[in-house]
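Note: the block below is run36.cif and it holds mmCIF, C-alpha atoms.
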data_my_file
loop_
_atom_site.label_atom_id
_atom_site.label_comp_id
_atom_site.auth_asym_id
_atom_site.auth_seq_id
_atom_site.Cartn_x
_atom_site.Cartn_y
_atom_site.Cartn_z
CA MET Q 1 90.37 100.67 114.95
CA ASN Q 2 92.65 98.32 116.83
CA PHE Q 3 96.43 98.56 116.89
CA PHE Q 4 96.97 95.70 114.43
CA HIS Q 5 94.79 97.28 111.75
CA GLN Q 6 96.45 100.67 112.27
CA ILE Q 7 99.87 99.07 111.71
CA ARG Q 8 98.51 97.46 108.57
CA ASN Q 9 97.30 100.83 107.28
CA SER Q 10 100.75 102.27 107.95
CA PHE Q 11 102.29 99.78 105.56
CA LEU Q 12 99.74 100.87 102.96
CA PHE Q 13 101.01 104.47 103.08
CA PRO Q 14 103.51 103.97 100.22
CA LEU Q 15 100.59 102.68 98.15
CA GLN Q 16 98.68 105.82 99.15
CA LEU Q 17 101.46 107.91 97.56
CA LEU Q 18 100.84 106.10 94.32
CA LEU Q 19 97.02 106.14 94.35
CA ALA Q 20 96.77 109.81 95.27
CA SER Q 21 97.85 112.42 92.75
CA PRO Q 22 97.15 116.15 92.42
CA LYS Q 23 93.77 116.87 90.85
CA LYS Q 24 94.39 118.34 87.42
CA ASN Q 25 90.95 118.50 85.83
CA SER Q 26 87.41 118.84 87.18
CA VAL Q 27 87.49 115.42 88.87
CA GLY Q 28 90.03 113.09 90.41
CA GLY Q 29 89.78 109.91 92.41
CA GLN Q 30 91.39 107.19 94.44
CA ALA Q 31 90.66 103.57 95.18
CA ILE Q 32 90.14 102.68 98.84
CA ILE Q 33 89.26 99.47 100.67
CA GLU Q 34 86.04 98.12 99.10
CA GLY Q 35 85.28 101.48 97.57
CA VAL Q 36 86.27 104.60 95.67
CA MET Q 37 86.87 108.19 96.72
CA MET Q 38 86.12 110.95 94.21
CA ARG Q 39 86.94 114.64 94.37
CA GLY Q 40 84.89 117.11 92.36
CA LYS Q 41 85.11 120.85 91.97
CA ASN Q 42 83.77 121.69 95.43
CA LYS Q 43 83.03 118.35 97.01
CA VAL Q 44 84.71 115.12 98.13
CA SER Q 45 82.77 111.88 98.39
CA TRP Q 46 83.40 108.19 98.81
CA ALA Q 47 81.29 105.13 98.20
CA ILE Q 48 82.13 102.02 100.24
CA ARG Q 49 80.47 98.71 99.56
CA LYS Q 50 79.15 97.07 102.74
CA GLY Q 51 77.42 94.14 101.08
CA PRO Q 52 76.09 92.83 97.74
CA LYS Q 53 73.29 95.41 97.71
CA GLU Q 54 74.45 98.00 100.24
CA VAL Q 55 76.77 100.92 99.50
CA LEU Q 56 77.64 103.60 102.05
CA ILE Q 57 78.00 107.04 100.46
CA GLU Q 58 79.51 109.93 102.42
CA GLU Q 59 80.29 113.38 101.09
CA GLN Q 60 81.66 116.67 102.34
CA GLU Q 61 82.27 120.13 100.99
CA PHE Q 62 85.85 120.91 100.07
CA GLN Q 63 87.60 123.95 98.66
CA SER Q 64 91.29 123.95 97.89
CA VAL Q 65 93.38 126.54 99.69
CA CYS Q 66 94.70 127.48 96.24
CA LYS Q 67 91.32 129.11 95.60
CA LYS Q 68 91.31 130.89 98.94
CA TYR Q 69 94.82 132.29 98.59
CA LYS Q 70 95.81 133.33 95.07
CA ILE Q 71 99.53 133.14 95.80
CA LEU Q 72 99.17 129.39 96.27
CA GLY Q 73 97.80 129.11 92.74
CA ILE Q 74 101.14 130.05 91.19
CA PRO Q 75 102.59 127.29 88.96
CA VAL Q 76 104.74 124.76 90.85
CA ILE Q 77 103.39 125.97 94.21
CA ARG Q 78 99.87 124.84 93.27
CA GLY Q 79 101.17 121.36 92.44
CA ALA Q 80 102.85 120.94 95.82
CA VAL Q 81 99.73 122.17 97.64
CA SER Q 82 97.45 119.96 95.56
CA LEU Q 83 99.58 116.88 96.26
CA PHE Q 84 99.49 117.40 100.02
CA GLU Q 85 95.74 118.04 99.90
CA SER Q 86 95.25 114.84 97.89
CA LEU Q 87 97.32 112.85 100.36
CA ALA Q 88 95.36 114.21 103.33
CA ILE Q 89 91.97 113.55 101.74
CA GLY Q 90 93.03 110.17 100.41
CA TYR Q 91 94.43 109.00 103.72
CA LYS Q 92 91.23 110.08 105.47
CA ALA Q 93 89.13 108.11 102.97
CA LEU Q 94 91.42 105.08 103.21
CA SER Q 95 91.24 105.13 107.02
CA ARG Q 96 87.46 105.45 106.90
CA SER Q 97 87.14 102.49 104.55
CA ALA Q 98 89.49 100.45 106.76
CA ASP Q 99 87.34 101.30 109.80
CA ILE Q 100 84.24 100.05 108.02
CA ALA Q 101 86.03 96.86 106.92
CA VAL Q 102 87.01 96.18 110.54
CA GLU Q 103 83.47 96.89 111.76
CA LEU Q 104 82.00 94.46 109.22
CA GLU Q 105 84.56 91.83 110.21
CA GLU Q 106 83.76 92.24 113.90
CA GLN Q 107 80.02 92.20 113.28
CA SER Q 108 80.27 88.99 111.29
CA LYS Q 109 82.28 87.32 114.05
CA GLN Q 110 80.25 88.51 117.02
CA ASP Q 111 76.98 89.85 115.76
CA ALA Q 112 75.33 89.46 119.15
CA ALA Q 113 77.88 91.70 120.81
CA LYS Q 114 77.13 94.53 118.32
CA VAL Q 115 80.69 95.79 118.51
CA GLU Q 116 80.80 96.26 122.30
CA LYS Q 117 83.01 99.34 122.51
CA LYS Q 118 81.67 102.74 121.59
CA LYS Q 119 83.63 105.00 119.35
CA ASN Q 120 86.07 107.28 121.06
CA LYS Q 121 86.70 110.16 118.68
CA VAL Q 122 89.82 111.36 120.47
CA ALA Q 123 91.30 107.86 120.46
CA ASP Q 124 90.40 107.39 116.79
CA GLN Q 125 92.05 110.66 115.81
CA ALA Q 126 95.17 109.81 117.81
CA SER Q 127 95.27 106.38 116.19
CA SER Q 128 94.91 107.90 112.72
CA ILE Q 129 97.72 110.40 113.36
CA PHE Q 130 99.92 107.59 114.68
CA GLY Q 131 99.28 105.55 111.54
CA LEU Q 132 100.02 108.51 109.28
CA VAL Q 133 103.31 109.31 111.04
CA LEU Q 134 104.36 105.67 111.10
CA GLY Q 135 103.50 105.28 107.44
CA MET Q 136 105.57 108.33 106.53
CA LEU Q 137 108.53 107.03 108.54
CA ILE Q 138 108.30 103.63 106.84
CA SER Q 139 108.15 105.28 103.41
CA LEU Q 140 111.08 107.59 104.13
CA GLY Q 141 113.16 104.80 105.62
CA ILE Q 142 112.65 102.25 102.84
CA PHE Q 143 112.30 104.40 99.74
CA MET Q 144 114.48 107.40 100.56
CA TYR Q 145 117.07 106.74 103.26
CA LEU Q 146 117.92 103.09 102.48
CA PRO Q 147 118.82 103.60 98.77
CA MET Q 148 120.99 106.58 99.73
CA TRP Q 149 122.71 104.66 102.52
CA ILE Q 150 123.44 101.71 100.22
CA LEU Q 151 124.98 103.96 97.56
CA SER Q 152 126.98 105.93 100.10
CA GLN Q 153 129.00 102.75 100.65
CA PHE Q 154 130.07 102.57 96.99
CA VAL Q 155 129.62 105.89 95.16
CA PRO Q 156 131.98 108.83 95.83
CA LYS Q 157 130.36 111.73 97.69
CA GLU Q 158 131.24 114.13 94.87
CA SER Q 159 129.32 112.18 92.18
CA ALA Q 160 125.98 113.99 92.38
CA LEU Q 161 124.46 112.82 89.07
CA LEU Q 162 125.62 109.20 89.41
CA PHE Q 163 124.50 109.03 93.04
CA ASN Q 164 121.00 110.38 92.38
CA SER Q 165 120.52 108.42 89.15
CA LEU Q 166 121.33 105.15 90.89
CA SER Q 167 119.18 106.18 93.86
CA GLY Q 168 116.27 106.65 91.48
CA VAL Q 169 116.84 103.22 89.95
CA ILE Q 170 116.99 101.55 93.38
CA ARG Q 171 113.79 103.34 94.48
CA ILE Q 172 112.02 102.08 91.35
CA VAL Q 173 113.20 98.52 92.06
CA PHE Q 174 112.15 98.78 95.71
CA PHE Q 175 108.75 100.17 94.81
CA LEU Q 176 108.11 97.55 92.12
CA THR Q 177 109.03 94.86 94.63
CA TYR Q 178 106.69 96.42 97.18
CA LEU Q 179 103.82 96.55 94.66
CA ILE Q 180 104.35 92.97 93.51
CA LEU Q 181 104.41 91.72 97.11
CA ILE Q 182 101.30 93.57 98.29
CA SER Q 183 99.44 92.67 95.08
CA GLN Q 184 99.48 89.08 96.35
CA TRP Q 185 97.34 90.26 99.28
CA LYS Q 186 93.71 89.54 98.40
CA GLU Q 187 92.47 92.77 99.96
CA ILE Q 188 94.94 94.86 97.94
CA ARG Q 189 93.99 93.09 94.72
CA ARG Q 190 90.45 94.23 95.46
CA VAL Q 191 91.77 97.79 95.88
CA PHE Q 192 93.45 97.51 92.47
CA GLU Q 193 90.13 96.39 90.96
CA TYR Q 194 88.43 99.44 92.44
CA HIS Q 195 91.33 101.49 91.03
CA GLY Q 196 90.38 100.18 87.59
CA ALA Q 197 86.72 101.03 88.25
CA GLU Q 198 87.70 104.56 89.25
CA HIS Q 199 89.53 105.05 85.94
CA LYS Q 200 86.61 103.70 83.90
CA ALA Q 201 84.19 106.07 85.65
CA ILE Q 202 86.45 109.08 85.04
CA PHE Q 203 86.94 108.11 81.38
CA ALA Q 204 83.16 107.94 80.90
CA PHE Q 205 82.67 111.29 82.63
CA GLU Q 206 85.40 112.96 80.55
CA ASP Q 207 83.70 111.71 77.38
CA GLY Q 208 80.39 113.22 78.53
CA LYS Q 209 78.62 109.87 78.89
CA GLU Q 210 76.09 108.87 81.51
CA LEU Q 211 77.73 106.98 84.37
CA THR Q 212 76.21 103.57 83.70
CA ILE Q 213 77.97 100.22 83.89
CA ASP Q 214 77.40 99.61 80.16
CA ASN Q 215 79.00 102.95 79.29
CA MET Q 216 81.95 102.39 81.62
CA ARG Q 217 82.72 98.79 80.69
CA PRO Q 218 84.47 99.38 77.29
CA TYR Q 219 87.09 101.76 78.70
CA THR Q 220 90.60 100.69 79.63
CA THR Q 221 91.76 100.70 83.25
CA LEU Q 222 94.93 102.59 82.26
CA HIS Q 223 94.58 106.36 82.66
CA PRO Q 224 97.39 108.80 81.68
CA ARG Q 225 96.63 111.15 84.61
CA CYS Q 226 96.85 108.40 87.23
CA GLY Q 227 99.00 108.83 90.34
CA THR Q 228 101.16 106.02 88.98
CA SER Q 229 102.24 108.21 86.06
CA PHE Q 230 102.70 111.12 88.43
CA LEU Q 231 104.98 109.04 90.64
CA PHE Q 232 107.17 108.14 87.67
CA LEU Q 233 107.54 111.84 86.84
CA VAL Q 234 108.41 112.57 90.47
CA ILE Q 235 111.27 110.05 90.30
CA LEU Q 236 112.64 111.69 87.12
CA CYS Q 237 112.36 115.16 88.65
CA CYS Q 238 114.06 113.90 91.82
CA ILE Q 239 117.06 112.70 89.82
CA LEU Q 240 117.37 116.02 87.99
CA LEU Q 241 116.75 118.47 90.84
CA PHE Q 242 118.59 116.50 93.52
CA SER Q 243 121.60 116.20 91.23
CA ILE Q 244 121.70 119.94 90.55
CA VAL Q 245 121.33 120.92 94.22
CA ASP Q 246 123.81 118.28 95.40
CA ALA Q 247 126.37 119.46 92.86
CA LEU Q 248 125.98 123.08 93.97
CA ILE Q 249 126.33 122.19 97.66
CA ILE Q 250 129.33 119.93 97.06
CA THR Q 251 131.05 122.54 94.85
CA TYR Q 252 130.43 125.68 96.87
CA ILE Q 253 130.04 124.43 100.45
CA ALA Q 254 131.35 120.92 101.15
CA PRO Q 255 130.55 117.24 100.53
CA PHE Q 256 127.72 115.88 102.65
CA PRO Q 257 129.10 114.55 105.96
CA ASN Q 258 126.63 111.65 106.09
CA THR Q 259 123.53 110.14 104.48
CA LEU Q 260 121.11 111.73 106.93
CA SER Q 261 122.23 115.28 106.12
CA ARG Q 262 121.85 114.58 102.42
CA MET Q 263 118.37 113.14 102.95
CA LEU Q 264 117.27 116.19 104.96
CA VAL Q 265 118.31 118.47 102.10
CA HIS Q 266 116.35 116.29 99.68
CA LEU Q 267 113.31 116.34 101.97
CA ALA Q 268 113.35 120.13 101.90
CA LEU Q 269 113.17 119.91 98.10
CA VAL Q 270 110.10 117.62 98.06
CA PRO Q 271 107.57 120.49 97.60
CA LEU Q 272 109.60 121.79 94.64
CA VAL Q 273 109.84 118.29 93.16
CA SER Q 274 106.11 117.58 93.53
CA GLY Q 275 105.17 121.00 92.17
CA THR Q 276 107.43 120.63 89.15
CA SER Q 277 106.13 117.11 88.51
CA PHE Q 278 102.58 118.45 88.64
CA GLU Q 279 103.31 121.02 85.94
CA VAL Q 280 105.04 118.43 83.77
CA LEU Q 281 102.06 116.07 84.15
CA LYS Q 282 99.66 118.86 83.14
CA LEU Q 283 101.71 119.49 80.02
CA SER Q 284 101.88 115.76 79.22
CA ASP Q 285 98.09 115.52 79.54
CA ARG Q 286 97.63 118.49 77.20
CA TYR Q 287 100.10 117.25 74.58
CA GLN Q 288 99.71 113.49 75.01
CA ASN Q 289 99.26 112.98 71.25
CA PHE Q 290 102.84 114.06 70.55
CA PRO Q 291 105.16 111.05 70.03
CA ILE Q 292 107.81 112.25 72.51
CA VAL Q 293 105.13 112.84 75.17
CA ARG Q 294 103.60 109.40 74.56
CA PHE Q 295 107.06 107.92 75.04
CA PHE Q 296 107.37 109.41 78.54
CA ILE Q 297 103.76 108.52 79.45
CA LYS Q 298 104.22 104.83 78.62
CA PRO Q 299 106.22 103.77 81.73
CA GLY Q 300 103.42 105.06 83.96
CA LEU Q 301 100.85 103.15 81.90
CA TRP Q 302 102.96 99.99 82.09
CA LEU Q 303 103.12 100.30 85.86
CA GLN Q 304 99.34 100.59 85.98
CA LYS Q 305 99.15 97.03 84.68
CA ILE Q 306 100.14 96.13 88.26
CA THR Q 307 98.09 98.73 90.13
CA THR Q 308 94.83 98.38 88.19
CA LYS Q 309 92.77 95.26 87.55
CA ASN Q 310 89.59 94.79 85.56
CA PRO Q 311 86.62 95.49 87.89
CA ASP Q 312 83.32 93.66 88.14
CA ASP Q 313 79.93 95.32 87.75
CA THR Q 314 79.47 95.99 91.49
CA GLN Q 315 82.83 97.77 91.64
CA MET Q 316 81.98 99.92 88.61
CA GLU Q 317 78.64 100.74 90.20
CA THR Q 318 80.44 101.82 93.40
CA ALA Q 319 82.80 104.07 91.42
CA SER Q 320 79.89 105.66 89.53
CA LEU Q 321 78.02 106.36 92.79
CA ALA Q 322 81.11 108.01 94.30
CA LEU Q 323 81.61 110.21 91.23
CA LYS Q 324 77.94 111.21 91.03
CA ALA Q 325 78.05 112.27 94.68
CA ALA Q 326 81.16 114.37 94.08
CA LEU Q 327 79.72 116.27 91.11
#

So that I can check it, write out the structure of this file as structure tokens.
Amino acid sequence: MNFFHQIRNSFLFPLQLLLASPKKNSVGGQAIIEGVMMRGKNKVSWAIRKGPKEVLIEEQEFQSVCKKYKILGIPVIRGAVSLFESLAIGYKALSRSADIAVELEEQSKQDAAKVEKKKNKVADQASSIFGLVLGMLISLGIFMYLPMWILSQFVPKESALLFNSLSGVIRIVFFLTYLILISQWKEIRRVFEYHGAEHKAIFAFEDGKELTIDNMRPYTTLHPRCGTSFLFLVILCCILLFSIVDALIITYIAPFPNTLSRMLVHLALVPLVSGTSFEVLKLSDRYQNFPIVRFFIKPGLWLQKITTKNPDDTQMETASLALKAAL
């Protein structure tokens, strides 16, 4: 993958945070470029469309470390582990689909050359690591450090709840702006259509139906266990936990000397935040028929109106193939 495409993938990392969520039931999934990744009980697979009648299906065995080490299966800890596993698997699938998209583009432009350079595995791995690190830095800079720096100019250092509440609001505004901007990108709109196909396939599977296009078509593209809903819960948990910890530090130690020190403390709390959000999402899925639970689920479903689009038959077929391979 060339440098330009790796930079492009880095800017997709914030979207990766939204598409990937901890796997809570027997299956979970994620939209990728011209395809869908699915994760079953013991297997991960992805189906990537290479043409009108050609779909590449790749699969691999996978076992969560939570099953290998029982201590990691403790509530809250398991959520943090599952999130990081989902991010790692999802980023690998996204990078693979981007590689294939680049290969198809190069082949169409210079078919006679047959993509002159041979794959260099070491270079590809280094490029992937570079993209992952750059994507994380972009995400931290825009969605974590920048809101805190802006508020540090106006909000008193001692106001833990006000500071973190406003930070959460700014992050939501930033992320909505980011989603709206990238949704104008034709390639990302296609990803959102595959996101909708992924949800339809999972709905059909959860209802015990055969994974056919006719069975998948009636379902909505809005799924309550989507990473979008998980992200909304993460923001709420961030406001609560960051406020409590900030207040304790300010009261018993000292006000934060600068924005960077405050951000580093918050970064250390990310596993706790993600683990807590995971447990809350599990409870919301179990009790989603309760009015108060439905109230808190709705914002995530509203946000999915941006991140999911109605798929066509070929996209639903791709999602069904990915899920069948993962089962």

Selected residue, from Q:Ala247, Q:Ala204, Q:Ala88, Q:Ile33, that lies nearest to Phe192 of chain Q when counting all atoms listed in the file: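 Counting all atoms listed in the file, the residue closest to Phe192 of chain Q is Q:Ile33.
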
- Message: Between Q:Arg217, Q:Arg262, Q:Lys282, Q:His195, which residue has the minimum interatomic distance to Val76 of chain Q, considering all atoms listed in the file?
- Response: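 So, comparing all the options, the nearest one is Q:Lys282.
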
Given all atoms listed in the file as the counted atoms, nearest of Q:Ala268, Q:Leu56, Q:Ser45, Q:Leu72 to Ala93 of chain Q: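 Selected residue with least distance to Ala93 of chain Q: Q:Ser45.
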
Decode the PyMOL selection byres ((chain Q and resi 61) around 6) for the given file into explicit residues and return them as a PyMOL selection string.
-> chain Q and resi 42-43+60+62

- Using only C-alpha atoms, pick whichever of Q:Gly51, Q:Gly35, Q:Gly275, Q:Pro311 has the shortest atom-to-atom distance to Arg78 of chain Q.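 Checking each candidate against Arg78 of chain Q, we get Q:Gly275 as the closest.
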
For Leu283 of chain Q, the closest of Q:Gly90, Q:Pro75, Q:Asp214, Q:Leu248 counting only C-alpha atoms is Q:Pro75
